[in-house]
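Shown here: target-v2.cif, mmCIF, C-alpha atoms and all ligand atoms.
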data_upload
#
loop_
_atom_site.label_atom_id
_atom_site.label_comp_id
_atom_site.auth_asym_id
_atom_site.auth_seq_id
_atom_site.Cartn_x
_atom_site.Cartn_y
_atom_site.Cartn_z
CA MET A 1 8.52 -206.11 -128.06
CA THR A 2 9.17 -206.58 -124.37
CA GLY A 3 6.27 -207.61 -122.14
CA SER A 4 3.73 -210.28 -122.95
CA GLU A 5 1.31 -210.18 -125.86
CA THR A 6 -1.67 -210.40 -123.45
CA ASP A 7 -0.37 -207.38 -121.52
CA HIS A 8 -0.06 -205.37 -124.72
CA ILE A 9 -3.60 -206.25 -125.74
CA ARG A 10 -4.92 -205.44 -122.26
CA TRP A 11 -3.29 -201.99 -122.20
CA MET A 12 -4.34 -201.27 -125.76
CA ARG A 13 -7.94 -202.02 -124.77
CA HIS A 14 -7.50 -199.51 -121.98
CA ALA A 15 -6.20 -196.94 -124.49
CA LEU A 16 -9.25 -197.66 -126.66
CA THR A 17 -11.62 -196.80 -123.79
CA LEU A 18 -9.79 -193.47 -123.46
CA ALA A 19 -10.11 -192.91 -127.22
CA GLN A 20 -13.86 -193.35 -126.74
CA ARG A 21 -13.79 -190.46 -124.23
CA ALA A 22 -12.28 -188.24 -126.91
CA TRP A 23 -15.14 -189.27 -129.23
CA ASP A 24 -17.67 -188.39 -126.52
CA GLU A 25 -16.12 -184.92 -126.34
CA GLY A 26 -16.29 -184.49 -130.13
CA GLU A 27 -12.55 -184.97 -130.59
CA VAL A 28 -10.82 -187.35 -133.01
CA PRO A 29 -10.76 -190.63 -131.02
CA VAL A 30 -7.18 -191.38 -130.03
CA GLY A 31 -6.22 -192.67 -126.57
CA ALA A 32 -2.93 -193.28 -124.79
CA VAL A 33 -1.80 -195.05 -121.62
CA LEU A 34 1.63 -194.81 -120.01
CA VAL A 35 2.63 -197.90 -118.03
CA TYR A 36 5.47 -198.26 -115.54
CA GLN A 37 6.19 -201.52 -113.72
CA GLY A 38 2.78 -202.90 -114.59
CA GLN A 39 0.89 -199.81 -113.39
CA VAL A 40 -0.81 -196.95 -115.19
CA ILE A 41 0.98 -193.67 -114.46
CA GLY A 42 -0.52 -191.60 -117.25
CA GLU A 43 -3.70 -191.50 -119.28
CA GLY A 44 -4.59 -189.26 -122.16
CA TRP A 45 -7.11 -188.76 -124.87
CA ASN A 46 -7.08 -186.37 -127.75
CA ARG A 47 -8.54 -182.97 -126.73
CA PRO A 48 -7.02 -180.08 -128.71
CA ILE A 49 -10.45 -178.58 -129.47
CA GLY A 50 -11.71 -178.62 -125.87
CA HIS A 51 -8.41 -177.37 -124.46
CA HIS A 52 -7.74 -174.81 -127.21
CA ASP A 53 -4.33 -176.43 -127.37
CA PRO A 54 -2.70 -177.80 -130.53
CA THR A 55 -0.38 -179.92 -128.36
CA ALA A 56 -3.19 -181.66 -126.45
CA HIS A 57 -2.74 -185.01 -128.17
CA ALA A 58 -3.44 -188.19 -126.22
CA GLU A 59 0.27 -189.05 -125.97
CA MET A 60 1.26 -185.60 -124.67
CA MET A 61 -1.40 -185.76 -121.97
CA ALA A 62 -0.26 -189.23 -120.86
CA LEU A 63 3.42 -188.20 -120.82
CA ARG A 64 2.66 -185.04 -118.81
CA GLN A 65 0.73 -187.00 -116.24
CA GLY A 66 3.49 -189.61 -116.05
CA GLY A 67 6.06 -186.89 -115.35
CA ILE A 68 3.99 -185.61 -112.45
CA VAL A 69 3.51 -189.11 -111.03
CA LEU A 70 7.21 -189.99 -111.29
CA GLN A 71 8.27 -186.42 -110.37
CA ASN A 72 10.70 -186.63 -113.24
CA TYR A 73 10.58 -185.47 -116.85
CA ARG A 74 12.58 -188.56 -117.72
CA LEU A 75 10.17 -191.42 -118.04
CA LEU A 76 12.75 -194.18 -118.19
CA ASP A 77 11.58 -197.77 -118.58
CA THR A 78 7.99 -196.80 -119.28
CA THR A 79 5.84 -198.13 -122.11
CA LEU A 80 3.45 -195.87 -123.93
CA TYR A 81 0.41 -197.45 -125.56
CA VAL A 82 -1.42 -195.37 -128.13
CA THR A 83 -4.23 -196.34 -130.46
CA LEU A 84 -2.74 -194.49 -133.45
CA GLU A 85 0.81 -194.11 -134.73
CA PRO A 86 2.13 -190.85 -133.22
CA CYS A 87 2.69 -187.60 -135.11
CA VAL A 88 6.05 -185.80 -135.31
CA MET A 89 5.37 -183.71 -132.20
CA CYS A 90 4.45 -186.68 -130.04
CA ALA A 91 7.32 -188.79 -131.36
CA GLY A 92 9.65 -185.91 -130.46
CA ALA A 93 8.18 -185.74 -126.96
CA MET A 94 8.80 -189.49 -126.58
CA VAL A 95 12.49 -188.96 -127.34
CA HIS A 96 12.69 -186.01 -124.88
CA SER A 97 11.00 -188.03 -122.16
CA ARG A 98 13.21 -191.09 -122.76
CA ILE A 99 10.39 -193.60 -122.70
CA GLY A 100 11.54 -197.16 -123.19
CA GLN A 101 8.92 -198.52 -125.51
CA LEU A 102 6.10 -197.40 -127.78
CA ILE A 103 3.30 -199.77 -128.73
CA TYR A 104 0.74 -198.39 -131.14
CA GLY A 105 -2.41 -199.72 -132.76
CA ALA A 106 -3.28 -198.42 -136.22
CA SER A 107 -0.77 -196.92 -138.64
CA ASP A 108 -1.28 -193.35 -139.81
CA VAL A 109 -0.17 -193.11 -143.42
CA LYS A 110 -0.75 -189.34 -143.56
CA THR A 111 1.04 -188.12 -140.43
CA GLY A 112 2.65 -191.12 -138.72
CA ALA A 113 6.17 -190.45 -137.44
CA ALA A 114 7.02 -194.02 -136.46
CA GLY A 115 7.70 -195.12 -140.00
CA SER A 116 4.65 -194.22 -142.13
CA LEU A 117 5.24 -190.61 -143.20
CA MET A 118 8.70 -190.51 -141.64
CA ASP A 119 10.61 -192.35 -138.97
CA VAL A 120 11.50 -189.96 -136.14
CA LEU A 121 11.85 -192.71 -133.55
CA GLY A 122 14.06 -194.87 -135.75
CA HIS A 123 16.26 -192.04 -137.02
CA PRO A 124 19.89 -193.17 -136.73
CA GLY A 125 20.98 -189.76 -135.41
CA MET A 126 18.61 -189.80 -132.42
CA ASN A 127 20.37 -189.76 -129.06
CA HIS A 128 17.68 -191.88 -127.45
CA LYS A 129 16.27 -195.03 -128.96
CA VAL A 130 12.66 -195.96 -128.30
CA SER A 131 11.74 -199.53 -129.09
CA VAL A 132 8.67 -199.49 -131.33
CA ALA A 133 5.99 -202.01 -132.25
CA GLY A 134 2.75 -201.32 -134.11
CA GLY A 135 -0.32 -203.23 -135.15
CA VAL A 136 -1.68 -204.17 -131.69
CA LEU A 137 -5.51 -204.30 -132.04
CA ALA A 138 -4.95 -202.34 -135.25
CA GLN A 139 -8.40 -203.15 -136.66
CA GLU A 140 -10.28 -201.94 -133.59
CA CYS A 141 -8.13 -198.80 -133.37
CA ALA A 142 -8.53 -197.94 -137.06
CA GLY A 143 -12.23 -198.92 -137.00
CA LEU A 144 -12.97 -196.44 -134.21
CA LEU A 145 -11.39 -193.65 -136.26
CA SER A 146 -13.17 -194.52 -139.51
CA ASP A 147 -16.51 -194.83 -137.66
CA PHE A 148 -15.93 -191.40 -136.15
CA PHE A 149 -15.16 -189.74 -139.48
CA ARG A 150 -18.12 -191.48 -141.13
CA MET A 151 -20.41 -190.22 -138.35
CA ARG A 152 -19.01 -186.72 -138.72
CA ARG A 153 -19.60 -186.70 -142.49
CA GLN A 154 -23.20 -187.83 -141.92
CA VAL A 155 -23.80 -185.10 -139.34
CA HIS A 156 -22.26 -182.53 -141.69
CA LYS A 157 -24.48 -183.73 -144.56
CA ALA A 158 -27.61 -183.69 -142.37
CA ASN A 159 -26.82 -180.14 -141.20
CA LYS A 160 -26.38 -178.98 -144.78
CA GLN A 161 -29.69 -180.55 -145.80
CA ALA A 162 -31.47 -178.97 -142.84
CA ALA A 163 -30.02 -175.56 -143.73
CA ARG A 164 -31.10 -175.96 -147.36
CA GLN A 165 -34.57 -177.00 -146.26
CA GLN A 166 -34.79 -173.97 -144.00
CA SER A 167 -33.80 -171.52 -146.76
CA GLU A 168 -36.34 -173.13 -149.14
CA ASP A 169 -39.06 -172.77 -146.52
CA GLN A 170 -38.44 -169.07 -146.11
ZN ZN B 201 0.60 -186.22 -131.74
#
Kindly present the structure from the file in structure tokens form.
Ligand SMILES: [Zn+2]
Amino acid sequence: MTGSETDHIRWMRHALTLAQRAWDEGEVPVGAVLVYQGQVIGEGWNRPIGHHDPTAHAEMMALRQGGIVLQNYRLLDTTLYVTLEPCVMCAGAMVHSRIGQLIYGASDVKTGAAGSLMDVLGHPGMNHKVSVAGGVLAQECAGLLSDFFRMRRQVHKANKQAARQQSEDQ
């Protein structure tokens, strides 16, 4: 990992506040921040539902914004902070954009492409190497996701009960 531990924690906290925005919009809470020379040049939170866009993951949004800020699709020497291990699509976008470093929070055993399900970023055949570190504020990042899914299950259950009650009343 390059950069100080305190910096990584600070930026991951920032990514967590963006993940909270996704939650507020009813999206799975994942947030991402792109940092260049100590400054934020891209922010993203997961919003595929709201944008009707399967590619609208937090990382993609942050990378797109970073490209506009730098006026370059090559995001050399940037660090991307994301609360959850990226999927295959986002890991691929990181290679295309030539970011320098990825720091993620929680691992994603089901779809993670930084070593959990597969290792896109560490693949020996890749023409660009992204330095990767995970586990920064992992508990907070994973906790936000599990709280969200628990809340959603409760809402789903309550809706089902209300519907049943309604049909019994008729
Ligand atoms: Zn993704």
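Minimum atom-to-atom distances from A:Trp45, A:Gly100, A:Gly92, A:Thr55 to A:Leu75 were compared using only C-alpha atoms, and the lowest value belongs to A:Gly100.
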Exercise for the section: Considering all atoms listed in the file, return as a ChimeraX atom specification whatever protein or nucleic-acid residues lie within 12 Å of A:Met118, sequence-local ones (same chain, fewer than 5 positions apart) excluded. Expected result: /A:85-88,91,107-113,123
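Going from atom CA of A:Glu43 over to atom CA of A:Gln65, you cover 7.0 Å.
Atom CA of A:Arg10 lies 9.9 Å from atom CA of A:Leu137.
Residues with any atom within 6 Å of the point (6.6, -200.6, -128.9), counting all atoms listed in the file, are Met1, Gln101, Leu102, Ile103, Ser131, Val132 and Ala133 of chain A.
For the pair atom CA of A:His57 and atom CA of A:Asp147, the separation is 19.4 Å.
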Exercise for the section: Can you pull out every residue within 8 Å of A:Val82, counting all atoms listed in the file, but drop anything in the same chain fewer than 4 positions away, and send it as a list of chain:residue names? Expected result: A:Met12, A:Ala15, A:Val30, A:Gly31, A:Ala32, A:Val33, A:Ala58, A:Glu59, A:Pro86, A:Leu102, A:Ile103, A:Tyr104, A:Gly105
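For the choices A:Asp77, A:Asp7, A:Glu140, A:Glu27, the atom-to-atom distance to A:Arg152 is smallest for A:Glu27 when using all atoms listed in the file.
Of the listed residues A:Val95, A:Ile9, A:Val136, A:Ile41, the one whose atoms come nearest to A:Arg74 is A:Val95, with distances taken using all atoms listed in the file.
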Practice task
Give as a ChimeraX atom specification every residue, naming chains and numbers as the document does, that has an atom within 10 Å of (-18.9, -188.8, -130.7), counting only C-alpha atoms.
Solution key: /A:20-29,147-149,151-152
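Proximity to ligand ZN 201 (chain B) was assessed for A:Ala114, A:Ala162, A:Val155, A:Ala138 counting only C-alpha atoms and all ligand atoms; the smallest distance is recorded for A:Ala114.
Of the residues under consideration (A:Met89, A:Ala158, A:Leu145, A:Met61), A:Met89 shows the shortest atom-to-atom contact distance to ligand ZN 201 (chain B) when counting all atoms listed in the file.
Candidate residues A:Gln166, A:Leu16, A:Asn159, A:Leu84 were compared for distance to ligand ZN 201 (chain B), and the nearest is A:Leu84, using all atoms listed in the file.
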